[in-house]
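Asks: Just model01.cif, nothing more (mmCIF, C-alpha atoms):
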data_structure
loop_
_atom_site.label_atom_id
_atom_site.label_comp_id
_atom_site.auth_asym_id
_atom_site.auth_seq_id
_atom_site.Cartn_x
_atom_site.Cartn_y
_atom_site.Cartn_z
CA MET O 1 21.78 9.90 20.44
CA THR O 2 24.91 8.19 19.24
CA SER O 3 23.72 6.78 15.91
CA ARG O 4 23.56 8.70 12.64
CA PHE O 5 19.81 9.04 13.17
CA ARG O 6 19.68 12.14 15.34
CA LEU O 7 15.96 12.56 15.40
CA ALA O 8 13.46 14.80 17.09
CA TRP O 9 11.24 12.79 19.40
CA LEU O 10 7.59 13.79 19.30
CA VAL O 11 5.11 12.51 21.82
CA GLY O 12 1.41 12.54 20.98
CA SER O 13 -0.30 12.84 24.35
CA LEU O 14 -3.28 10.52 24.69
CA ALA O 15 -5.01 13.17 26.74
CA MET O 16 -4.95 15.37 23.66
CA ALA O 17 -5.98 12.65 21.21
CA GLY O 18 -9.63 13.55 21.53
CA CYS O 19 -10.84 9.97 21.56
CA GLY O 20 -13.33 9.25 24.31
CA GLY O 21 -15.61 6.39 25.30
CA SER O 22 -14.75 2.79 24.54
CA PHE O 23 -13.66 3.37 20.93
CA ASN O 24 -9.95 2.51 20.66
CA PRO O 25 -9.17 3.38 24.28
CA GLY O 26 -5.59 3.45 25.48
CA PRO O 27 -2.30 3.38 23.58
CA LEU O 28 -2.27 2.24 19.96
CA GLN O 29 0.28 0.09 18.17
CA TYR O 30 1.24 0.19 14.50
CA GLU O 31 -0.03 -2.75 12.50
CA GLU O 32 2.60 -4.70 10.61
CA SER O 33 2.36 -5.07 6.86
CA GLU O 34 1.17 -8.52 5.85
CA ALA O 35 4.17 -8.59 3.50
CA LEU O 36 6.47 -8.84 6.54
CA THR O 37 5.43 -12.47 6.90
CA ARG O 38 4.59 -13.27 3.29
CA GLU O 39 7.78 -11.95 1.68
CA LEU O 40 10.13 -13.19 4.40
CA ALA O 41 8.93 -16.78 4.35
CA ASP O 42 11.78 -19.08 3.30
CA LYS O 43 10.34 -20.69 0.18
CA THR O 44 13.23 -23.18 0.04
CA LYS O 45 12.09 -24.96 3.18
CA ALA O 46 9.04 -27.15 3.43
CA ASN O 47 8.06 -25.68 6.80
CA LEU O 48 8.22 -22.09 5.57
CA ALA O 49 10.29 -21.18 8.61
CA GLY O 50 10.84 -17.67 7.33
CA LYS O 51 13.55 -15.22 8.28
CA PRO O 52 12.85 -14.33 11.92
CA LYS O 53 16.07 -12.35 12.38
CA LEU O 54 15.35 -10.15 9.38
CA GLN O 55 11.70 -9.78 10.37
CA GLU O 56 12.84 -8.46 13.72
CA GLY O 57 15.39 -6.30 11.92
CA VAL O 58 12.63 -4.64 9.91
CA ARG O 59 10.66 -3.98 13.11
CA LYS O 60 13.66 -2.45 14.86
CA GLY O 61 14.60 -0.41 11.81
CA LEU O 62 11.11 1.09 11.57
CA ALA O 63 11.09 1.91 15.29
CA LYS O 64 14.49 3.54 14.93
CA LEU O 65 13.39 5.69 12.03
CA PHE O 66 9.77 6.53 12.90
CA GLY O 67 9.31 5.62 16.57
CA PRO O 68 7.98 2.44 18.22
CA ASN O 69 4.30 3.44 18.29
CA PRO O 70 1.95 6.31 17.39
CA GLN O 71 2.39 7.88 20.83
CA GLU O 72 6.19 8.17 20.41
CA ILE O 73 6.88 9.59 16.96
CA ARG O 74 10.37 10.00 15.62
CA VAL O 75 10.81 12.37 12.71
CA PRO O 76 13.57 11.23 10.33
CA PRO O 77 16.18 13.89 9.57
CA GLY O 78 15.58 15.73 6.33
CA SER O 79 11.98 14.53 6.18
CA GLY O 80 10.88 17.69 4.42
CA LEU O 81 7.91 18.06 6.76
CA PRO O 82 7.26 21.68 7.77
CA ALA O 83 9.18 22.79 10.87
CA GLY O 84 10.84 19.40 11.06
CA GLY O 85 7.56 17.64 11.81
CA ARG O 86 6.41 19.79 14.73
CA GLN O 87 2.81 19.60 13.50
CA LEU O 88 2.61 15.84 14.03
CA ALA O 89 1.96 15.94 17.77
CA ASN O 90 1.26 18.20 20.73
CA LEU O 91 4.43 17.59 22.75
CA ILE O 92 8.05 17.65 21.65
CA ALA O 93 11.33 16.53 23.18
CA THR O 94 14.78 16.61 21.62
CA GLY O 95 17.48 14.16 22.59
CA GLU O 96 16.95 11.07 24.70
CA GLY O 97 17.02 10.01 28.32
CA PRO O 98 15.92 11.82 31.50
CA GLU O 99 16.82 15.28 30.15
CA ALA O 100 14.47 14.85 27.17
CA ARG O 101 11.40 16.23 28.87
CA PRO O 102 8.39 16.74 26.58
CA LYS O 103 7.27 20.32 26.10
CA GLN O 104 3.88 21.53 24.95
CA ILE O 105 3.70 22.86 21.40
CA TYR O 106 1.77 26.09 20.92
CA VAL O 107 0.42 27.73 17.76
CA LEU O 108 -0.79 31.23 17.06
CA ARG O 109 -4.36 31.47 15.81
CA THR O 110 -5.51 34.59 14.01
CA SER O 111 -8.21 36.37 16.00
CA ALA O 112 -10.65 39.11 15.08
CA THR O 113 -9.48 41.95 12.87
CA GLY O 114 -7.22 44.31 14.74
CA GLN O 115 -6.69 41.92 17.64
CA PRO O 116 -3.37 40.19 18.36
CA PRO O 117 -3.09 36.45 17.52
CA ILE O 118 -4.23 34.01 20.19
CA LYS O 119 -1.71 31.51 21.55
CA GLU O 120 -3.25 28.07 21.96
CA ARG O 121 -2.13 24.50 22.43
CA GLN O 122 -1.58 22.49 19.28
CA ALA O 123 -3.63 19.31 19.03
CA GLY O 124 -1.21 17.69 16.59
CA GLY O 125 -1.76 15.55 13.49
CA TYR O 126 -1.77 12.29 15.45
CA ALA O 127 -4.60 13.38 17.76
CA LEU O 128 -6.65 14.86 14.92
CA TYR O 129 -6.08 11.77 12.75
CA ARG O 130 -7.19 9.54 15.61
CA ARG O 131 -10.32 11.62 16.07
CA HIS O 132 -11.36 12.06 12.43
CA CYS O 133 -9.56 9.52 10.24
CA LEU O 134 -8.49 6.37 12.09
CA HIS O 135 -11.89 4.66 11.98
CA CYS O 136 -11.59 4.48 8.17
CA HIS O 137 -7.86 4.54 7.41
CA GLY O 138 -6.62 2.50 10.39
CA VAL O 139 -3.78 3.01 12.85
CA SER O 140 -1.01 2.57 10.26
CA GLY O 141 -2.86 4.17 7.34
CA ALA O 142 -3.55 0.76 5.79
CA GLY O 143 -7.15 1.63 4.89
CA ASN O 144 -8.39 -1.05 7.29
CA GLY O 145 -10.09 0.87 10.09
CA PRO O 146 -13.17 -0.61 11.80
CA THR O 147 -15.56 1.03 9.32
CA ALA O 148 -13.54 0.22 6.17
CA ASP O 149 -15.32 -3.05 5.33
CA PHE O 150 -18.63 -1.21 5.11
CA LEU O 151 -17.44 1.35 2.55
CA TYR O 152 -17.06 1.36 -1.22
CA PRO O 153 -14.62 2.33 -2.47
CA ARG O 154 -12.43 1.30 0.43
CA PRO O 155 -10.47 4.01 2.27
CA ARG O 156 -7.01 4.76 0.89
CA ASP O 157 -4.10 2.58 1.98
CA TYR O 158 -1.22 5.06 2.38
CA ARG O 159 1.52 2.44 2.79
CA PRO O 160 2.44 1.91 -0.89
CA GLY O 161 2.89 5.67 -1.25
CA LYS O 162 0.35 5.90 -4.08
CA PHE O 163 -2.40 8.50 -4.34
CA LYS O 164 -5.00 8.70 -7.09
CA PHE O 165 -5.98 12.33 -7.45
CA THR O 166 -2.89 14.43 -8.03
CA SER O 167 -1.64 17.29 -10.18
CA THR O 168 1.56 15.37 -10.83
CA PRO O 169 2.40 12.69 -13.43
CA ASN O 170 1.04 9.17 -13.05
CA GLY O 171 2.93 7.43 -10.25
CA ALA O 172 4.37 10.59 -8.68
CA LYS O 173 3.58 11.75 -5.15
CA PRO O 174 0.83 14.33 -4.61
CA THR O 175 1.70 17.90 -3.77
CA ARG O 176 0.66 19.37 -0.45
CA ASP O 177 -2.04 21.29 -2.29
CA ASP O 178 -3.38 18.02 -3.76
CA LEU O 179 -3.68 16.45 -0.31
CA ARG O 180 -4.99 19.66 1.22
CA ARG O 181 -7.76 19.81 -1.40
CA THR O 182 -8.72 16.17 -0.73
CA ILE O 183 -8.94 16.71 3.03
CA ARG O 184 -10.70 20.06 2.72
CA ASP O 185 -13.18 19.18 -0.04
CA GLY O 186 -13.49 15.39 0.29
CA LEU O 187 -13.85 12.98 -2.64
CA HIS O 188 -17.21 13.26 -4.34
CA GLY O 189 -19.14 10.01 -4.68
CA THR O 190 -17.15 8.30 -1.91
CA SER O 191 -17.27 8.15 1.89
CA MET O 192 -14.36 10.59 2.18
CA PRO O 193 -16.05 13.69 3.63
CA ALA O 194 -15.07 17.33 3.38
CA PHE O 195 -13.37 18.56 6.55
CA ASP O 196 -13.43 22.25 5.68
CA SER O 197 -16.13 22.95 8.26
CA LEU O 198 -14.83 20.45 10.82
CA MET O 199 -11.21 21.56 11.15
CA ALA O 200 -9.45 24.90 11.12
CA ASP O 201 -6.87 25.54 8.41
CA THR O 202 -4.05 24.93 10.90
CA GLU O 203 -5.60 21.59 11.88
CA ILE O 204 -5.93 20.50 8.25
CA GLU O 205 -2.19 21.17 7.86
CA GLN O 206 -1.47 19.00 10.90
CA VAL O 207 -3.53 16.08 9.57
CA LEU O 208 -1.94 16.51 6.15
CA ASP O 209 1.51 16.13 7.73
CA TYR O 210 0.42 13.02 9.60
CA ALA O 211 -0.94 11.40 6.41
CA ILE O 212 2.43 12.05 4.72
CA PHE O 213 4.23 10.68 7.79
CA LEU O 214 2.19 7.46 7.67
CA SER O 215 2.82 7.14 3.93
CA MET O 216 6.58 7.63 4.42
CA ARG O 217 6.60 5.06 7.20
CA GLY O 218 4.54 2.54 5.20
CA GLU O 219 6.62 2.85 2.03
CA THR O 220 9.83 2.59 4.06
CA GLU O 221 8.47 -0.57 5.71
CA LEU O 222 7.81 -2.10 2.29
CA GLY O 223 11.29 -1.04 1.13
CA LEU O 224 12.95 -2.68 4.13
CA ILE O 225 10.92 -5.85 3.54
CA ASP O 226 12.12 -5.90 -0.06
CA GLU O 227 15.73 -5.56 1.11
CA ALA O 228 15.28 -8.32 3.68
CA SER O 229 13.59 -10.67 1.20
CA ILE O 230 16.72 -10.85 -0.97
CA ALA O 231 19.22 -10.87 1.91
CA ASP O 232 20.76 -13.79 3.76
CA GLU O 233 19.16 -14.41 7.13
CA ASN O 234 22.56 -14.51 8.86
CA ASP O 235 24.10 -11.48 7.12
CA PRO O 236 24.82 -8.95 9.92
CA GLU O 237 24.84 -6.09 7.38
CA ALA O 238 21.51 -7.04 5.77
CA LEU O 239 19.65 -4.17 7.49
CA SER O 240 22.55 -2.00 8.58
CA ASP O 241 22.27 1.73 9.25
CA ASP O 242 23.50 2.35 5.70
CA VAL O 243 20.65 0.24 4.29
CA LEU O 244 18.09 1.97 6.51
CA ASP O 245 19.45 5.33 5.42
CA SER O 246 19.33 4.40 1.72
CA VAL O 247 15.74 3.11 1.81
CA LEU O 248 14.56 6.11 3.82
CA LYS O 249 16.25 8.67 1.54
CA ASN O 250 14.70 7.05 -1.53
CA VAL O 251 11.23 7.54 -0.03
CA ILE O 252 11.86 11.07 1.26
CA ASN O 253 13.39 12.27 -2.02
CA LYS O 254 10.21 11.32 -3.89
CA TRP O 255 8.24 13.64 -1.63
CA LYS O 256 10.80 16.43 -1.75
CA SER O 257 10.88 16.62 -5.54
CA VAL O 258 7.13 16.58 -6.08
CA GLU O 259 6.49 20.34 -6.22
CA THR O 260 8.64 20.56 -9.36
CA GLN O 261 6.61 17.85 -11.10
CA VAL O 262 3.21 19.54 -11.26
CA PHE O 263 1.69 18.94 -14.68
CA ASN O 264 0.30 22.23 -15.96
CA PRO O 265 -1.75 22.16 -19.20
CA PRO O 266 0.51 23.33 -22.04
CA VAL O 267 -2.27 25.50 -23.50
CA ALA O 268 -5.14 27.52 -22.07
CA ARG O 269 -8.57 25.92 -21.91
CA THR O 270 -10.44 25.73 -25.19
CA PRO O 271 -13.78 27.61 -24.90
CA ALA O 272 -16.67 25.17 -24.40
CA THR O 273 -18.25 25.88 -27.77
CA ARG O 274 -20.57 23.47 -29.56
CA GLN O 275 -17.78 22.58 -31.95
CA SER O 276 -15.37 21.78 -29.09
CA ILE O 277 -17.97 19.58 -27.32
CA LEU O 278 -18.67 17.61 -30.51
CA ARG O 279 -14.94 17.19 -31.20
CA GLY O 280 -14.55 15.86 -27.68
CA ARG O 281 -17.44 13.44 -28.22
CA ASP O 282 -15.80 12.10 -31.38
CA LEU O 283 -12.48 11.61 -29.58
CA PHE O 284 -14.32 9.83 -26.72
CA LEU O 285 -15.85 7.48 -29.29
CA GLY O 286 -12.41 6.62 -30.68
CA HIS O 287 -12.26 8.77 -33.80
CA LYS O 288 -8.82 9.82 -34.97
CA SER O 289 -7.09 12.84 -33.50
CA ARG O 290 -5.19 15.35 -35.62
CA LYS O 291 -2.10 13.21 -35.09
CA GLY O 292 -3.96 10.22 -36.47
CA ASN O 293 -4.12 8.60 -33.01
CA SER O 294 -7.18 7.38 -31.15
CA VAL O 295 -8.00 6.62 -27.53
CA ASP O 296 -10.22 3.86 -26.20
CA CYS O 297 -12.59 5.56 -23.74
CA VAL O 298 -15.49 3.34 -24.81
CA GLY O 299 -13.74 0.11 -23.79
CA CYS O 300 -14.11 1.09 -20.15
CA HIS O 301 -16.84 3.74 -19.99
CA GLY O 302 -19.10 2.23 -22.67
CA PRO O 303 -20.57 3.85 -25.81
CA GLN O 304 -23.11 5.80 -23.71
CA ALA O 305 -20.50 6.56 -20.99
CA LEU O 306 -22.48 4.55 -18.43
CA GLY O 307 -19.38 2.84 -17.02
CA ASN O 308 -20.30 -0.46 -18.66
CA GLY O 309 -17.55 -0.98 -21.24
CA VAL O 310 -16.60 -4.47 -22.38
CA SER O 311 -13.36 -4.35 -20.36
CA PHE O 312 -15.31 -4.77 -17.13
CA VAL O 313 -17.74 -7.32 -15.75
CA SER O 314 -21.41 -6.46 -16.02
CA GLN O 315 -22.91 -4.14 -13.44
CA ASP O 316 -25.15 -6.82 -11.93
CA VAL O 317 -22.22 -9.19 -11.31
CA PHE O 318 -20.19 -6.32 -9.87
CA ASN O 319 -23.02 -5.32 -7.53
CA GLU O 320 -23.56 -8.90 -6.38
CA VAL O 321 -19.91 -9.43 -5.47
CA VAL O 322 -19.09 -6.00 -4.00
CA PHE O 323 -22.33 -5.23 -2.20
CA GLY O 324 -23.46 -8.73 -1.29
CA GLY O 325 -22.64 -8.47 2.41
CA ASP O 326 -19.48 -9.80 4.06
CA PRO O 327 -16.56 -8.66 1.85
CA SER O 328 -14.49 -11.66 2.98
CA LEU O 329 -16.87 -13.84 0.91
CA GLN O 330 -15.99 -12.01 -2.30
CA GLU O 331 -13.89 -14.83 -3.77
CA ALA O 332 -16.57 -17.40 -2.93
CA ARG O 333 -19.20 -15.35 -4.75
CA LEU O 334 -16.99 -15.12 -7.81
CA GLN O 335 -16.92 -18.91 -8.00
CA ASN O 336 -20.59 -18.77 -8.93
CA HIS O 337 -19.72 -17.07 -12.21
CA ARG O 338 -18.16 -18.34 -15.40
CA LYS O 339 -14.40 -18.66 -15.63
CA GLU O 340 -14.07 -15.82 -18.17
CA ILE O 341 -15.93 -13.47 -15.81
CA ARG O 342 -13.66 -14.43 -12.92
CA GLU O 343 -10.60 -13.75 -15.08
CA GLN O 344 -12.08 -10.44 -16.21
CA TRP O 345 -12.63 -9.51 -12.56
CA LYS O 346 -8.97 -10.16 -11.71
CA ASN O 347 -7.93 -7.79 -14.48
CA SER O 348 -10.23 -5.08 -13.10
CA LEU O 349 -8.59 -4.54 -9.71
CA ASP O 350 -6.64 -1.45 -8.72
CA ASP O 351 -3.09 -1.49 -7.32
CA TRP O 352 -4.50 -1.98 -3.82
CA GLY O 353 -6.38 -5.12 -4.89
CA ASN O 354 -9.81 -3.49 -4.74
CA PRO O 355 -12.47 -3.83 -7.47
CA LEU O 356 -12.73 -0.97 -9.94
CA ARG O 357 -15.77 0.44 -11.67
CA PRO O 358 -15.41 2.98 -14.51
CA ASN O 359 -17.25 6.20 -13.81
CA ASN O 360 -20.72 6.76 -15.21
CA LEU O 361 -19.97 10.12 -16.79
CA ASN O 362 -23.66 10.95 -17.22
CA ARG O 363 -24.00 11.56 -13.49
CA GLY O 364 -21.52 14.43 -13.36
CA VAL O 365 -19.92 13.07 -10.16
CA PHE O 366 -16.12 13.15 -10.31
CA LYS O 367 -14.17 11.89 -7.30
CA GLY O 368 -11.12 14.03 -7.91
CA GLY O 369 -13.08 17.26 -8.44
CA ARG O 370 -15.18 18.72 -11.24
CA ARG O 371 -13.11 21.79 -12.06
CA PRO O 372 -12.04 21.75 -15.72
CA LEU O 373 -8.43 21.56 -14.50
CA ASP O 374 -9.22 18.48 -12.36
CA LEU O 375 -10.67 16.67 -15.38
CA TYR O 376 -7.75 17.75 -17.55
CA TRP O 377 -5.34 16.11 -15.11
CA ARG O 378 -7.37 12.88 -15.05
CA ILE O 379 -7.64 12.65 -18.86
CA ALA O 380 -4.14 13.85 -19.72
CA LYS O 381 -2.10 11.86 -17.22
CA GLY O 382 -4.45 9.16 -15.96
CA ILE O 383 -5.12 8.07 -12.38
CA THR O 384 -2.30 6.51 -10.35
CA GLY O 385 -3.09 2.99 -9.16
CA ALA O 386 -6.22 2.67 -11.29
CA LYS O 387 -6.76 1.45 -14.85
CA MET O 388 -7.34 4.97 -16.16
CA PRO O 389 -4.43 5.70 -18.55
CA GLY O 390 -3.07 9.08 -19.54
CA HIS O 391 -4.01 10.35 -23.01
CA TYR O 392 -1.44 13.11 -23.44
CA PRO O 393 0.53 13.36 -25.70
CA THR O 394 -1.48 10.75 -27.64
CA LEU O 395 -3.98 13.59 -27.97
CA GLU O 396 -2.91 17.16 -28.57
CA ALA O 397 -3.15 19.43 -25.53
CA ASP O 398 -6.14 21.33 -26.93
CA GLU O 399 -7.85 18.04 -27.86
CA VAL O 400 -7.71 17.04 -24.20
CA TRP O 401 -9.64 20.24 -23.47
CA ASP O 402 -12.21 19.18 -26.08
CA VAL O 403 -12.74 15.93 -24.18
CA VAL O 404 -13.01 17.89 -20.92
CA ASN O 405 -15.68 20.12 -22.45
CA PHE O 406 -17.59 17.06 -23.68
CA VAL O 407 -17.43 15.32 -20.27
CA LEU O 408 -18.68 18.45 -18.50
CA ALA O 409 -21.54 18.91 -21.01
CA LEU O 410 -22.72 15.28 -21.03
CA PRO O 411 -24.67 15.26 -17.71
CA TYR O 412 -26.78 18.16 -19.01
CA GLU O 413 -27.10 16.82 -22.55
CA PRO O 414 -27.62 13.04 -22.37
CA LYS O 415 -28.62 13.00 -26.04
CA LEU O 416 -25.01 13.75 -26.98
CA LEU O 417 -24.39 9.99 -27.04
CA GLU O 418 -27.85 8.87 -28.07
CA GLY O 419 -27.37 6.22 -30.74
CA ALA O 420 -23.60 6.83 -30.72
CA VAL O 421 -21.49 4.24 -32.53
CA PRO O 422 -17.82 3.83 -31.56
CA ALA O 423 -15.31 4.41 -34.34
CA ASN O 424 -14.27 0.74 -34.45
CA VAL O 425 -17.82 -0.56 -34.77
CA THR O 426 -19.51 -0.88 -38.15
CA PRO O 427 -23.01 0.60 -37.97
CA ALA O 428 -25.80 -1.90 -38.57
CA PRO O 429 -27.33 -1.55 -42.03
CA ALA O 430 -30.55 0.37 -42.08
CA LYS O 431 -33.64 -1.76 -42.40
CA PRO O 432 -35.53 -1.30 -45.69
CA ALA O 433 -38.66 0.71 -45.45
CA VAL O 434 -41.88 -1.26 -45.43
CA ALA O 435 -44.51 -0.01 -47.84
CA GLN O 436 -47.66 1.13 -46.12
CA ARG O 437 -51.04 0.30 -47.62
#
As structure tokens - that is how I would like this structure written.
Replies:
Amino acid sequence: MTSRFRLAWLVGSLAMAGCGGSFNPGPLQYEESEALTRELADKTKANLAGKPKLQEGVRKGLAKLFGPNPQEIRVPPGSGLPAGGRQLANLIATGEGPEARPKQIYVLRTSATGQPPIKERQAGGYALYRRHCLHCHGVSGAGNGPTADFLYPRPRDYRPGKFKFTSTPNGAKPTRDDLRRTIRDGLHGTSMPAFDSLMADTEIEQVLDYAIFLSMRGETELGLIDEASIADENDPEALSDDVLDSVLKNVINKWKSVETQVFNPPVARTPATRQSILRGRDLFLGHKSRKGNSVDCVGCHGPQALGNGVSFVSQDVFNEVVFGGDPSLQEARLQNHRKEIREQWKNSLDDWGNPLRPNNLNRGVFKGGRRPLDLYWRIAKGITGAKMPGHYPTLEADEVWDVVNFVLALPYEPKLLEGAVPANVTPAPAKPAVAQR
């Protein structure tokens, strides 16, 4: 190749995709981001003619960087993917033209003890994703597969490059271990299943790489759209190789630096004593920390931690709108409710535009895992893309552990919050005793 983008060319063979019958037969095409049309419409013209040259420039730039379709995958140089991205597909060819003949990729699988490893053909992340993941997450990782509209919460949209359940600070990329844990163990309380028994460890690694690849591609697409939206339609340098390179490197560098950003608790876990659990309960209810700070858990989760805080619409309205049938009618259903409820609803959407519901902590179901460490990460640094804020260093590190101990104890001790009054609420005066005759 003559351009600066000397890329490996990976070909995901359809014969190896593992998708039979009439479900998504034949070659697939990436779906374009809706922002490609919305952001590149020329708002200065009454006919909204848009910027067709720059729209086409975004399409060509993406094909140049990541390949024209899922069957022909280009791996950007310096992607940081293991082995240069060899786990994405089952065939590989370097270069371009007639001499670039695809070759089968093989992996070594550990056999029985004392036996030599077995050489077998690699399925590749694309084929495994198509078999196990596409029906929910869609061809481009947009969270819009054919089953997505029937699920709550909706499947993750990888394109913005945001992931909720990570060991890294709010807004940072997940580590490979974070994604591996999600794929292996699933997300409790959602439709994301555990694939530990469905895929071998090597296959999980291949799917993990493909999810990162789709996220890189999607975030790069959004970055190119942003560049095009502020550029002149007739500027020949608007989406030059230098611009493509800059946008791509910005995305890749976020992934490359993530392993150094893991947020480890500054102190060891506080033993789950009765005193620690009660301290955690008081902090949950908004009482002052040792620093004199307080956190507002009750505003979202409610005084009994039922997920019914005043910051969110009532559960019956939420159920009516979210689970009332055709999700495309959601806005129409909201019109049946008072204006203040509609406004409250708009403030209770995640970064993907999907409705949020605070967790009912009494159930003991935690999407990101129920290990004490998992809960520490959620409480200390929040949840990326959701309304859950981070509470460290507002709380001391050991006080976060107190809240963790309380949250883990609550499902087994519902009376912990029986009659609880938040710190900012004045208790009702006791009624005078009535004399009995």
Asks: Tell me, as a compact mmCIF listing (two decimals) with C-alpha atoms, keeping the file's coordinate frame, which residues lie within 7 Å of O:Gly125, counting all atoms listed in the file; anything in the same chain fewer than 3 positions away does not count.
Replies:
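Saved the output as out_38.txt:
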# COMPACT_ATOMS: atom_id res chain seq x y z
CA GLN O 87 2.81 19.60 13.50
CA LEU O 88 2.61 15.84 14.03
CA ALA O 89 1.96 15.94 17.77
CA LEU O 128 -6.65 14.86 14.92
CA TYR O 129 -6.08 11.77 12.75
CA GLN O 206 -1.47 19.00 10.90
CA VAL O 207 -3.53 16.08 9.57
CA ASP O 209 1.51 16.13 7.73
CA TYR O 210 0.42 13.02 9.60
Asks: Decode the PyMOL selection byres ((chain O and resi 255) around 12) for the given file into explicit residues and return them as an MDAnalysis selection string.
Replies: chainID O and resid 78:81 161:162 168 171:176 209 212:213 215:216 219 248:254 256:261
Asks: Residues near O:Leu62, anyone? I mean within 8 Å using all atoms listed in the file, not counting same-chain ones fewer than 5 positions away, as a PyMOL selection string.
Replies: chain O and resi 67-68+217+220-221
Asks: Give as an MDAnalysis selection string the residues that the PyMOL selection byres ((chain O and resi 421) around 10) matches when applied to the coordinates above.
Replies: chainID O and resid 282 285:286 298 303:304 417:420 422:428
Asks: Build an axis-aligned box that encloses every atom of stretch 320-328 of chain O listed in the file, pad it by 3 Å on each side, and report its centre and edge lengths in Å to one decimal, as AutoDock Vina command-line options.
Replies:
--center_x -19.0 --center_y -8.4 --center_z -1.2 --size_x 15.1 --size_y 12.4 --size_z 16.4
Asks: Would you translate the PyMOL selection byres ((chain O and resi 184-190) around 7) into the concrete set of residues it matches in this file, as an MDAnalysis selection string?
Replies: chainID O and resid 152:153 180:183 191:196 365:368
Asks: Using only C-alpha atoms, which of the listed residues (O:Gly57, O:Gly369, O:Ala386, O:Glu99) sits closest to O:Gly353?
Replies: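 Nearest candidate to O:Gly353 out of O:Gly57, O:Gly369, O:Ala386, O:Glu99: O:Ala386.
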Asks: With distances taken over all atoms listed in the file, which residue among O:Ser246, O:Ser140, O:Asn293, O:Gln330 lies nearest O:Leu214?
Replies: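 That would be O:Ser140, the residue with the smallest distance to O:Leu214.
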Asks: Go through O:Val243, O:Leu108, O:Ala231, O:Leu306 and flag the residue nearest O:Arg363, using only C-alpha atoms for the distances.
Replies: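 Smallest distance to O:Arg363 is found for O:Leu306.
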Asks: Record the distance separating atom CA of O:Ala409 and atom CA of O:Arg370, expressed in Å with one decimal.
Replies: 11.7 Å
Asks: Considering all atoms listed in the file, state which residue in the set O:Val58, O:Val407, O:Ile379, O:Cys297 is at the smallest distance from O:Glu227.
Replies: O:Val58
Asks: What does the structure give for the distance between atom CA of O:Arg121 and atom CA of O:Ala211, in Å to one decimal?
Replies: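 It comes out at 20.7 Å.
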Asks: Rank O:Gly307, O:Gly124, O:Pro117, O:Pro327 by their smallest atom-to-atom distance to O:Ile105, using only C-alpha atoms, and report the top residue only.
Replies: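 Once distances to O:Ile105 are computed over only C-alpha atoms, the minimum belongs to O:Gly124.
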Asks: Interatomic distance between atom CA of O:Ser311 and atom CA of O:Leu395?
Replies: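 According to the coordinates, atom CA of O:Ser311 and atom CA of O:Leu395 are separated by 21.6 Å.
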Asks: Using all atoms listed in the file for the distances, tell me which of O:Ile225, O:Thr166, O:Glu320, O:Leu410 is nearest to O:Asp374.
Replies: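 Of all the options, O:Thr166 lies closest to O:Asp374.
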Asks: Excluding stretch 335-339 of chain O and any residue of its chain fewer than 4 positions from it, enumerate the residues within 12 Å of it, using all atoms listed in the file, and give them as a count of residues only.
Replies: 14
Asks: Skip O:Arg269 itself and residues of its chain fewer than 5 positions away, then list as a list in words all residues within 10 Å of it, counting only C-alpha atoms.
Replies: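 Counting only C-alpha atoms, the residues come to Pro372, Leu373, Tyr376, Ala397, Asp398, Glu399, Val400, Trp401, Asp402, Val404 and Asn405 of chain O.
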